[in-house]
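The structure file data.pdb is reproduced below (PDB, C-alpha atoms and all ligand atoms).
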ATOM      1  CA  MET N 178     -32.023  12.901  17.668
ATOM      2  CA  ALA N 179     -32.781  11.675  21.204
ATOM      3  CA  LEU N 180     -30.939   8.375  21.393
ATOM      4  CA  GLY N 181     -30.046   6.985  24.812
ATOM      5  CA  ARG N 182     -26.983   5.092  25.955
ATOM      6  CA  ASP N 183     -28.463   1.704  25.079
ATOM      7  CA  GLU N 184     -29.254   2.759  21.523
ATOM      8  CA  PHE N 185     -25.727   4.055  21.037
ATOM      9  CA  ARG N 186     -24.267   0.836  22.440
ATOM     10  CA  TYR N 187     -26.558  -1.266  20.310
ATOM     11  CA  VAL N 188     -24.511  -0.745  17.188
ATOM     12  CA  LEU N 189     -21.384  -2.016  18.944
ATOM     13  CA  ARG N 190     -22.815  -5.471  19.500
ATOM     14  CA  ASP N 191     -23.250  -8.122  16.875
ATOM     15  CA  SER N 192     -26.727  -8.862  18.224
ATOM     16  CA  VAL N 193     -27.845  -6.437  15.504
ATOM     17  CA  ARG N 194     -27.302  -9.426  13.191
ATOM     18  CA  ARG N 195     -30.356 -11.155  14.695
ATOM     19  CA  GLU N 196     -32.566  -8.396  13.367
ATOM     20  CA  VAL N 197     -31.277  -8.359   9.860
ATOM     21  CA  ALA N 198     -33.342 -10.346   7.425
ATOM     22  CA  PHE N 199     -30.383 -11.728   5.530
ATOM     23  CA  ALA N 200     -32.631 -13.312   2.933
ATOM     24  CA  GLN N 201     -33.743  -9.768   2.128
ATOM     25  CA  THR N 202     -30.363  -8.099   1.728
ATOM     26  CA  ASP N 203     -29.782  -6.670  -1.709
ATOM     27  CA  GLN N 204     -27.170  -9.301  -2.462
ATOM     28  CA  ASN N 205     -29.590 -12.128  -1.680
ATOM     29  CA  ARG N 206     -32.327 -10.423  -3.673
ATOM     30  CA  GLY N 207     -30.025 -10.593  -6.689
ATOM     31  CA  LEU N 208     -29.275  -6.867  -7.016
ATOM     32  CA  PRO N 209     -25.943  -6.114  -8.677
ATOM     33  CA  ALA N 210     -22.975  -5.402  -6.421
ATOM     34  CA  PRO N 211     -22.063  -1.708  -6.183
ATOM     35  CA  PRO N 212     -18.768  -0.635  -7.786
ATOM     36  CA  VAL N 213     -15.634  -1.586  -5.860
ATOM     37  CA  GLN N 214     -14.171   1.834  -6.578
ATOM     38  CA  LYS N 215     -15.934   5.157  -6.906
ATOM     39  CA  PRO N 216     -15.628   6.273 -10.529
ATOM     40  CA  CYS N 217     -13.780   9.480 -11.431
ATOM     41  CA  GLY N 218     -15.638  12.310 -13.099
ATOM     42  CA  PRO N 219     -15.279  12.952 -16.859
ATOM     43  CA  GLY N 220     -11.918  14.435 -17.788
ATOM     44  CA  ALA N 221     -10.422  13.560 -14.391
ATOM     45  CA  ARG N 222      -6.663  14.024 -14.062
ATOM     46  CA  LEU N 223      -5.039  10.733 -13.089
ATOM     47  CA  LEU N 224      -1.594  10.323 -11.618
ATOM     48  CA  SER N 225      -0.196   6.821 -11.766
ATOM     49  CA  LEU N 226       1.884   5.712  -8.813
ATOM     50  CA  PRO N 227       5.131   3.724  -8.656
ATOM     51  CA  GLU N 228       4.350   0.018  -8.736
ATOM     52  CA  ALA N 229       3.897  -1.617  -5.339
ATOM     53  CA  ARG N 230       6.700  -4.152  -5.873
ATOM     54  CA  SER N 231       9.200  -1.336  -6.523
ATOM     55  CA  LEU N 232       8.468   0.092  -3.045
ATOM     56  CA  ALA N 233       9.714  -2.877  -1.030
ATOM     57  CA  SER N 234      13.138  -1.358  -0.406
ATOM     58  CA  LEU N 235      11.598   1.714   1.278
ATOM     59  CA  ALA N 236      10.344  -0.184   4.292
ATOM     60  CA  ARG N 237      13.217  -2.059   5.871
ATOM     61  CA  LEU N 238      12.256  -1.645   9.523
ATOM     62  CA  SER N 239      11.492  -4.938  11.241
ATOM     63  CA  LEU N 240       7.901  -5.635  12.184
ATOM     64  CA  TRP N 241       9.064  -5.811  15.798
ATOM     65  CA  ASN N 242      10.445  -2.282  15.618
ATOM     66  CA  ALA N 243       7.459  -0.884  13.728
ATOM     67  CA  VAL N 244       5.011  -2.299  16.270
ATOM     68  CA  SER N 245       7.008  -1.361  19.325
ATOM     69  CA  GLN N 246       7.896   2.187  18.146
ATOM     70  CA  ARG N 247       4.399   3.040  16.971
ATOM     71  CA  GLU N 248       2.832   5.983  18.689
ATOM     72  CA  SER N 249       0.584   8.881  17.752
ATOM     73  CA  ARG N 250       2.781  11.685  16.453
ATOM     74  CA  ARG N 251       1.414  15.212  16.216
ATOM     75  CA  ALA N 252       4.535  17.187  15.279
ATOM     76  CA  TYR N 253       6.126  16.812  11.858
ATOM     77  CA  GLY N 254       9.287  17.887  10.081
ATOM     78  CA  ARG N 255       8.876  20.341   7.187
ATOM     79  CA  SER N 256      10.474  18.201   4.492
ATOM     80  CA  ALA N 257       8.359  16.829   1.664
ATOM     81  CA  LEU N 258       7.467  13.186   1.141
ATOM     82  CA  THR N 259       8.486  11.546  -2.110
ATOM     83  CA  LEU N 260       5.890  10.133  -4.460
ATOM     84  CA  GLU N 261       7.289   6.669  -3.682
ATOM     85  CA  GLU N 262       6.685   7.183   0.026
ATOM     86  CA  LEU N 263       3.114   8.331  -0.566
ATOM     87  CA  ALA N 264       2.545   5.364  -2.878
ATOM     88  CA  TRP N 265       3.846   3.027  -0.164
ATOM     89  CA  LEU N 266       1.449   4.472   2.420
ATOM     90  CA  LEU N 267      -1.494   4.177   0.022
ATOM     91  CA  TRP N 268      -0.648   0.633  -0.938
ATOM     92  CA  ALA N 269      -0.094  -0.382   2.688
ATOM     93  CA  THR N 270      -3.535   0.922   3.629
ATOM     94  CA  GLN N 271      -5.700  -0.068   0.643
ATOM     95  CA  GLY N 272      -3.497  -1.752  -1.972
ATOM     96  CA  VAL N 273      -5.211  -4.413  -4.073
ATOM     97  CA  LYS N 274      -3.365  -7.735  -4.207
ATOM     98  CA  ALA N 275      -5.958  -9.738  -6.123
ATOM     99  CA  THR N 276      -9.448  -9.476  -7.492
ATOM    100  CA  ALA N 277     -11.888 -12.338  -7.092
ATOM    101  CA  GLY N 278     -15.199 -11.825  -8.881
ATOM    102  CA  ILE N 279     -16.947  -8.877  -7.249
ATOM    103  CA  SER N 280     -14.381  -8.681  -4.453
ATOM    104  CA  THR N 281     -10.885  -7.385  -4.016
ATOM    105  CA  LEU N 282      -8.279  -8.750  -1.653
ATOM    106  CA  ARG N 283      -6.159  -5.991  -0.213
ATOM    107  CA  THR N 284      -3.358  -5.314   2.242
ATOM    108  CA  VAL N 285      -6.048  -4.864   4.930
ATOM    109  CA  PRO N 286      -8.947  -7.130   5.853
ATOM    110  CA  SER N 287     -12.572  -6.076   5.390
ATOM    111  CA  ALA N 288     -15.812  -7.764   6.472
ATOM    112  CA  GLY N 289     -17.024  -9.839   3.536
ATOM    113  CA  ALA N 290     -14.201  -8.302   1.462
ATOM    114  CA  ARG N 291     -16.605  -5.419   0.761
ATOM    115  CA  HIS N 292     -14.014  -2.636   1.332
ATOM    116  CA  PRO N 293     -16.466   0.219   1.931
ATOM    117  CA  LEU N 294     -13.808   2.917   2.435
ATOM    118  CA  GLU N 295     -12.496   5.469  -0.037
ATOM    119  CA  THR N 296      -9.123   7.095   0.626
ATOM    120  CA  TYR N 297      -8.668  10.816   0.055
ATOM    121  CA  VAL N 298      -5.326  12.553   0.489
ATOM    122  CA  PHE N 299      -4.846  16.250   1.148
ATOM    123  CA  VAL N 300      -1.423  16.787  -0.365
ATOM    124  CA  PHE N 301       0.568  19.653   1.129
ATOM    125  CA  ARG N 302       4.201  18.713   0.472
ATOM    126  CA  VAL N 303       4.837  15.747  -1.789
ATOM    127  CA  ARG N 304       7.648  16.120  -4.315
ATOM    128  CA  GLY N 305       6.393  16.489  -7.872
ATOM    129  CA  MET N 306       2.732  16.856  -6.875
ATOM    130  CA  GLU N 307       0.553  19.923  -7.037
ATOM    131  CA  PRO N 308      -0.906  20.528  -3.562
ATOM    132  CA  GLY N 309      -4.625  19.789  -3.329
ATOM    133  CA  LEU N 310      -7.079  16.996  -2.703
ATOM    134  CA  TYR N 311      -6.626  13.626  -4.415
ATOM    135  CA  ARG N 312      -8.441  10.293  -4.196
ATOM    136  CA  TYR N 313      -6.754   6.901  -4.354
ATOM    137  CA  LEU N 314      -7.987   4.449  -6.969
ATOM    138  CA  PRO N 315      -7.034   1.049  -5.522
ATOM    139  CA  LEU N 316      -7.855  -0.908  -8.685
ATOM    140  CA  ASP N 317      -5.532   1.289 -10.748
ATOM    141  CA  HIS N 318      -3.005   2.075  -7.999
ATOM    142  CA  ALA N 319      -3.339   5.698  -9.118
ATOM    143  CA  LEU N 320      -4.521   9.016  -7.742
ATOM    144  CA  CYS N 321      -7.352  11.045  -9.138
ATOM    145  CA  PHE N 322      -6.958  14.825  -8.716
ATOM    146  CA  GLU N 323     -10.058  16.296  -7.056
ATOM    147  CA  TYR N 324      -9.325  20.027  -6.607
ATOM    148  CA  ALA N 325      -6.857  22.583  -5.300
ATOM    149  CA  GLU N 326      -7.589  25.639  -3.217
ATOM    150  CA  PRO N 327      -5.332  27.968  -1.222
ATOM    151  CA  GLY N 328      -5.588  27.579   2.550
ATOM    152  CA  LEU N 329      -6.708  23.923   2.561
ATOM    153  CA  ASP N 330      -4.277  23.178   5.400
ATOM    154  CA  ARG N 331      -5.845  25.841   7.618
ATOM    155  CA  CYS N 332      -9.408  24.804   6.674
ATOM    156  CA  LEU N 333      -8.612  21.199   7.527
ATOM    157  CA  GLY N 334      -7.294  22.127  10.974
ATOM    158  CA  GLU N 335     -10.464  24.150  11.602
ATOM    159  CA  ALA N 336     -12.693  21.332  10.338
ATOM    160  CA  CYS N 337     -10.936  19.062  12.826
ATOM    161  CA  LEU N 338     -12.116  21.259  15.674
ATOM    162  CA  GLY N 339      -8.986  23.384  15.844
ATOM    163  CA  GLN N 340      -6.520  20.468  15.788
ATOM    164  CA  ASP N 341      -4.151  22.515  13.624
ATOM    165  CA  PHE N 342      -1.542  19.760  13.368
ATOM    166  CA  VAL N 343      -3.948  17.888  11.058
ATOM    167  CA  GLY N 344      -2.997  20.399   8.326
ATOM    168  CA  ARG N 345       0.697  20.631   9.209
ATOM    169  CA  GLY N 346       2.038  17.343   7.918
ATOM    170  CA  ALA N 347       3.148  16.608   4.369
ATOM    171  CA  ALA N 348      -0.219  15.015   3.580
ATOM    172  CA  THR N 349      -3.391  14.074   5.417
ATOM    173  CA  PHE N 350      -5.315  10.894   4.759
ATOM    174  CA  ALA N 351      -9.119  11.075   5.070
ATOM    175  CA  TRP N 352     -11.236   7.963   4.781
ATOM    176  CA  THR N 353     -14.874   8.093   3.811
ATOM    177  CA  ALA N 354     -17.360   5.243   4.035
ATOM    178  CA  ILE N 355     -19.694   4.328   1.209
ATOM    179  CA  PRO N 356     -21.990   2.278   3.492
ATOM    180  CA  TYR N 357     -23.996   0.658   0.722
ATOM    181  CA  ARG N 358     -21.002  -1.423  -0.369
ATOM    182  CA  THR N 359     -21.278  -3.312   2.925
ATOM    183  CA  GLU N 360     -25.050  -2.925   3.405
ATOM    184  CA  TRP N 361     -25.533  -4.676   0.056
ATOM    185  CA  ARG N 362     -24.360  -7.849   1.806
ATOM    186  CA  TYR N 363     -25.088  -7.279   5.519
ATOM    187  CA  GLY N 364     -28.035  -4.870   5.581
ATOM    188  CA  LEU N 365     -28.049  -2.668   8.669
ATOM    189  CA  ALA N 366     -25.513  -4.913  10.416
ATOM    190  CA  ALA N 367     -22.999  -3.151   8.162
ATOM    191  CA  ALA N 368     -22.468  -0.137  10.420
ATOM    192  CA  ARG N 369     -20.340  -1.801  13.066
ATOM    193  CA  VAL N 370     -18.101  -3.686  10.654
ATOM    194  CA  ILE N 371     -17.466  -0.581   8.556
ATOM    195  CA  LEU N 372     -15.866   1.103  11.552
ATOM    196  CA  LEU N 373     -13.947  -2.052  12.416
ATOM    197  CA  ASP N 374     -12.603  -2.010   8.853
ATOM    198  CA  ALA N 375     -11.431   1.582   9.327
ATOM    199  CA  GLY N 376      -9.384   0.596  12.369
ATOM    200  CA  HIS N 377      -7.361  -1.901  10.362
ATOM    201  CA  VAL N 378      -6.633   0.647   7.684
ATOM    202  CA  CYS N 379      -5.379   3.275  10.103
ATOM    203  CA  GLN N 380      -3.253   0.781  12.023
ATOM    204  CA  ASN N 381      -1.533  -0.182   8.779
ATOM    205  CA  LEU N 382      -0.889   3.512   8.193
ATOM    206  CA  TYR N 383       0.749   3.812  11.634
ATOM    207  CA  LEU N 384       3.045   0.855  10.936
ATOM    208  CA  ALA N 385       3.816   1.867   7.351
ATOM    209  CA  CYS N 386       4.717   5.371   8.563
ATOM    210  CA  GLU N 387       7.078   4.018  11.222
ATOM    211  CA  ALA N 388       8.800   1.950   8.548
ATOM    212  CA  ILE N 389       9.777   5.105   6.608
ATOM    213  CA  ARG N 390      10.561   7.313   9.633
ATOM    214  CA  CYS N 391       7.285   9.177   9.370
ATOM    215  CA  GLY N 392       4.549   9.582  11.911
ATOM    216  CA  THR N 393       0.781   9.786  11.966
ATOM    217  CA  CYS N 394      -2.085  10.288  14.386
ATOM    218  CA  ALA N 395      -5.588   8.838  14.135
ATOM    219  CA  ILE N 396      -8.213  11.579  14.102
ATOM    220  CA  GLY N 397     -11.713  10.657  15.155
ATOM    221  CA  ALA N 398     -12.825  14.089  16.397
ATOM    222  CA  TYR N 399     -13.905  16.480  13.649
ATOM    223  CA  ASP N 400     -16.842  18.526  12.438
ATOM    224  CA  GLN N 401     -18.676  16.047  10.206
ATOM    225  CA  ASP N 402     -20.262  18.607   7.878
ATOM    226  CA  ALA N 403     -17.106  20.671   7.555
ATOM    227  CA  VAL N 404     -14.909  17.685   6.655
ATOM    228  CA  ASP N 405     -17.529  16.314   4.252
ATOM    229  CA  ARG N 406     -17.644  19.738   2.568
ATOM    230  CA  LEU N 407     -13.851  19.781   2.157
ATOM    231  CA  LEU N 408     -13.999  16.300   0.652
ATOM    232  CA  ARG N 409     -16.952  17.342  -1.535
ATOM    233  CA  VAL N 410     -18.963  14.261  -0.564
ATOM    234  CA  ASP N 411     -22.711  14.275   0.030
ATOM    235  CA  GLY N 412     -22.660  13.320   3.735
ATOM    236  CA  ARG N 413     -25.337  10.638   3.286
ATOM    237  CA  ASP N 414     -24.210   7.982   0.829
ATOM    238  CA  GLU N 415     -20.576   8.869   1.460
ATOM    239  CA  PHE N 416     -19.114  10.604   4.493
ATOM    240  CA  ALA N 417     -15.857  10.941   6.413
ATOM    241  CA  VAL N 418     -15.170   8.392   9.148
ATOM    242  CA  TYR N 419     -11.495   8.892  10.042
ATOM    243  CA  LEU N 420      -8.515  11.062   9.226
ATOM    244  CA  ALA N 421      -4.771  10.861   9.769
ATOM    245  CA  PRO N 422      -2.075  13.469   9.057
ATOM    246  CA  VAL N 423       1.301  12.143   7.951
ATOM    247  CA  GLY N 424       4.707  13.751   8.065
ATOM    248  CA  ARG N 425       8.345  13.114   8.777
ATOM    249  CA  LYS N 426       9.089  12.496  12.406
ATOM    250  CA  ALA N 427      10.056  15.818  13.966
ATOM    251  CA  GLU N 428      13.792  15.865  14.818
TER     252      GLU N 428
HETATM  253  C1  LIG Y 501     -10.494   6.065  17.103
HETATM  254  C2  LIG Y 501      -9.427   7.041  17.513
HETATM  255  C3  LIG Y 501      -9.677   8.399  17.467
HETATM  256  C4  LIG Y 501      -8.676   9.306  17.820
HETATM  257  N1  LIG Y 501      -8.905  10.633  17.670
HETATM  258  C5  LIG Y 501      -7.925  11.514  17.969
HETATM  259  C6  LIG Y 501      -8.110  12.904  17.740
HETATM  260  O1  LIG Y 501      -9.138  13.362  17.244
HETATM  261  N2  LIG Y 501      -7.091  13.735  18.071
HETATM  262  C7  LIG Y 501      -5.905  13.286  18.584
HETATM  263  O2  LIG Y 501      -5.011  14.103  18.841
HETATM  264  N3  LIG Y 501      -5.693  11.957  18.784
HETATM  265  C8  LIG Y 501      -6.670  11.075  18.486
HETATM  266  N4  LIG Y 501      -6.449   9.732  18.640
HETATM  267  C9  LIG Y 501      -5.140   9.248  19.121
HETATM  268  C10 LIG Y 501      -5.212   8.833  20.592
HETATM  269  O3  LIG Y 501      -5.311   9.971  21.388
HETATM  270  C11 LIG Y 501      -3.975   8.006  20.929
HETATM  271  O4  LIG Y 501      -3.994   6.794  20.206
HETATM  272  C12 LIG Y 501      -3.905   7.693  22.425
HETATM  273  O5  LIG Y 501      -3.706   8.852  23.172
HETATM  274  C13 LIG Y 501      -2.795   6.711  22.760
HETATM  275  O6  LIG Y 501      -1.562   7.195  22.303
HETATM  276  P1  LIG Y 501      -0.623   6.371  21.299
HETATM  277  O7  LIG Y 501      -1.377   6.203  20.005
HETATM  278  O8  LIG Y 501       0.590   7.244  21.136
HETATM  279  O9  LIG Y 501      -0.334   5.057  21.909
HETATM  280  C14 LIG Y 501      -7.424   8.832  18.278
HETATM  281  C15 LIG Y 501      -7.187   7.441  18.319
HETATM  282  C16 LIG Y 501      -8.161   6.567  17.927
HETATM  283  C17 LIG Y 501      -7.847   5.092  17.918
END

Step by step, read the file and then write its structure as structure tokens.
Ligand SMILES: Cc1cc2nc3c(=O)[nH]c(=O)nc-3n(C[C@H](O)[C@H](O)[C@H](O)COP(=O)(O)O)c2cc1C
Amino acid sequence: MALGRDEFRYVLRDSVRREVAFAQTDQNRGLPAPPVQKPCGPGARLLSLPEARSLASLARLSLWNAVSQRESRRAYGRSALTLEELAWLLWATQGVKATAGISTLRTVPSAGARHPLETYVFVFRVRGMEPGLYRYLPLDHALCFEYAEPGLDRCLGEACLGQDFVGRGAATFAWTAIPYRTEWRYGLAAARVILLDAGHVCQNLYLACEAIRCGTCAIGAYDQDAVDRLLRVDGRDEFAVYLAPVGRKAE
């Protein structure tokens, strides 16, 4: 694809809005809204998570300290996370606080409340959980087991262009976009706001990690096809946009 600098920059600017025929977006043409949450396959194994309210005592660090201590951490202690800690991180990044018609209101903002991101978690060391890939179901505050395979940690590091630390934490978050959720309302102007949405989610992960003495690092450099293969997504209607390993702060 021979795109020049101007074409690449084009998507960053909201002038794209001028070219979208909003009267023709699928929402305005009366098409049904896509599902808020990707359904699980038949016979999926679900793991319910500790209720959000019960997690409040985990995160006692002041907002001042969380914001000022935040940094990208690439070395992690070996100890496992608890299920409560993982539940806290999931809720802080995508937790649903209310539903309003076709929309959900969550712990993070999203353009038009479309929430186009799905959260996958590669679990390596979380107490009581079989290692493997899981997907968060925000409406149910539960995890859906996707698959397990030996060597996922190594494969993930390779898929992230040799950034081995991505597979060395206790768990690694991977966010995919389902662009149609946002395109349904904004047409092609969706692309830029989907990535803006992802930034909010990852920043909440940074702060939520600090609050429980864990660390994370945003990962935007990876082999697209390799990560999509590990997530078992099709790479067209759903594909990876961001990752973030999580682990205890190294002593
Ligand atoms: C969009 C984005 C992509 C990033 N991708 C990577 C990455 O692939 N690998 C990495 O080690 N750090 C990555 N980082 C982390 C940055 O290198 C880091 O935020 C920067 O060096 C500033 O350090 P600080 O976060 O500790 O303040 C990324 C950060 C952002 C926001």

Legend entry - Closest of N:Gln214, N:Gln380, N:Thr359, N:Ser256 to N:Val285 - atom-to-atom distances counting only C-alpha atoms: N:Gln380

Selected by the PyMOL selection byres (((not hetatm)) within 6 of (chain Y and resi 501)) in the shown coordinates: which residues, as a PDB file with C-alpha atoms, keeping the file's coordinate frame?
ATOM      1  CA  GLU N 248       2.832   5.983  18.689  1.00  0.00           C
ATOM      2  CA  SER N 249       0.584   8.881  17.752  1.00  0.00           C
ATOM      3  CA  CYS N 394      -2.085  10.288  14.386  1.00  0.00           C
ATOM      4  CA  ALA N 395      -5.588   8.838  14.135  1.00  0.00           C
ATOM      5  CA  ILE N 396      -8.213  11.579  14.102  1.00  0.00           C
ATOM      6  CA  GLY N 397     -11.713  10.657  15.155  1.00  0.00           C
ATOM      7  CA  ALA N 398     -12.825  14.089  16.397  1.00  0.00           C
TER       8      ALA N 398
END

Legend entry - Selected residue, from N:Asp317, N:Asp191, N:Glu295, N:Glu323, that lies nearest to N:Arg409 when counting all atoms listed in the file: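 Nearest to N:Arg409: N:Glu323.
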
Legend entry - Selection result for the PyMOL selection byres (((chain N and resi 228-245) around 8) and not hetatm) on this file, as a list in words: Leu226, Pro227, Gln246, Arg247, Glu261, Glu262, Ala264, Trp265, Trp268, His318, Leu384, Ala385, Glu387, Ala388 and Ile389 of chain N

Legend entry - For N:Arg291, the nearest of the candidates N:Lys215, N:Arg331, N:Lys274, N:Arg362, counting all atoms listed in the file: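 Among the listed residues, the smallest separation from N:Arg291 belongs to N:Arg362.
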
Inset, instruction - Extract, using only C-alpha atoms, all DNA, RNA and protein residues at most 8 Å from N:Leu382, discarding same-chain residues fewer than 3 positions from it, and format them as a ChimeraX atom specification. - result: /N:266,269-270,378-379,385-386,393

Answer key for the PyMOL selection byres (((chain N and resi 369) around 12) and not hetatm), residues as a PDB file with C-alpha atoms, in the frame of the given file:
ATOM      1  CA  PHE N 185     -25.727   4.055  21.037  1.00  0.00           C
ATOM      2  CA  ARG N 186     -24.267   0.836  22.440  1.00  0.00           C
ATOM      3  CA  TYR N 187     -26.558  -1.266  20.310  1.00  0.00           C
ATOM      4  CA  VAL N 188     -24.511  -0.745  17.188  1.00  0.00           C
ATOM      5  CA  LEU N 189     -21.384  -2.016  18.944  1.00  0.00           C
ATOM      6  CA  ARG N 190     -22.815  -5.471  19.500  1.00  0.00           C
ATOM      7  CA  ASP N 191     -23.250  -8.122  16.875  1.00  0.00           C
ATOM      8  CA  SER N 192     -26.727  -8.862  18.224  1.00  0.00           C
ATOM      9  CA  VAL N 193     -27.845  -6.437  15.504  1.00  0.00           C
ATOM     10  CA  ARG N 194     -27.302  -9.426  13.191  1.00  0.00           C
ATOM     11  CA  SER N 287     -12.572  -6.076   5.390  1.00  0.00           C
ATOM     12  CA  ALA N 288     -15.812  -7.764   6.472  1.00  0.00           C
ATOM     13  CA  PRO N 293     -16.466   0.219   1.931  1.00  0.00           C
ATOM     14  CA  ALA N 354     -17.360   5.243   4.035  1.00  0.00           C
ATOM     15  CA  PRO N 356     -21.990   2.278   3.492  1.00  0.00           C
ATOM     16  CA  THR N 359     -21.278  -3.312   2.925  1.00  0.00           C
ATOM     17  CA  GLU N 360     -25.050  -2.925   3.405  1.00  0.00           C
ATOM     18  CA  TYR N 363     -25.088  -7.279   5.519  1.00  0.00           C
ATOM     19  CA  GLY N 364     -28.035  -4.870   5.581  1.00  0.00           C
ATOM     20  CA  LEU N 365     -28.049  -2.668   8.669  1.00  0.00           C
ATOM     21  CA  ALA N 366     -25.513  -4.913  10.416  1.00  0.00           C
ATOM     22  CA  ALA N 367     -22.999  -3.151   8.162  1.00  0.00           C
ATOM     23  CA  ALA N 368     -22.468  -0.137  10.420  1.00  0.00           C
ATOM     24  CA  VAL N 370     -18.101  -3.686  10.654  1.00  0.00           C
ATOM     25  CA  ILE N 371     -17.466  -0.581   8.556  1.00  0.00           C
ATOM     26  CA  LEU N 372     -15.866   1.103  11.552  1.00  0.00           C
ATOM     27  CA  LEU N 373     -13.947  -2.052  12.416  1.00  0.00           C
ATOM     28  CA  ASP N 374     -12.603  -2.010   8.853  1.00  0.00           C
ATOM     29  CA  ALA N 375     -11.431   1.582   9.327  1.00  0.00           C
ATOM     30  CA  GLY N 376      -9.384   0.596  12.369  1.00  0.00           C
TER      31      GLY N 376
END

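Closest approach to N:Thr259 among N:Gly412, N:Thr202, N:Val300, N:Asp183: N:Val300, based on only C-alpha atoms.
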
Inset, instruction - May I ask which of the residues N:Ser225, N:Ser280, N:Gln401, N:Asn205 is the closest one to N:Leu333, counting only C-alpha atoms? - result: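 Going through N:Ser225, N:Ser280, N:Gln401, N:Asn205 one by one, the smallest distance to N:Leu333 is for N:Gln401.
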
Inset, instruction - Mind checking which residues fall within 10 Å of stretch 324-326 of chain N, counting only C-alpha atoms, ignoring those fewer than 3 positions away in the same chain, and posting them as JSON, numbers by chain? - result: {"N": [222, 299, 300, 307, 308, 309, 310, 311, 321, 329, 330, 407, 408, 409]}

Legend entry - Residue with smallest distance to N:Pro212 - pool N:Arg251, N:Arg195, N:Arg312, N:Arg358, counting all atoms listed in the file: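 Selected residue with least distance to N:Pro212: N:Arg358.
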
Inset, instruction - Could you give me, as a list in words, the residues within 6 Å of N:Ala427, counting only C-alpha atoms and dropping anything in the same chain fewer than 3 positions from it? - result: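 So the residues in contact are Ala252, Tyr253 and Gly254 of chain N.
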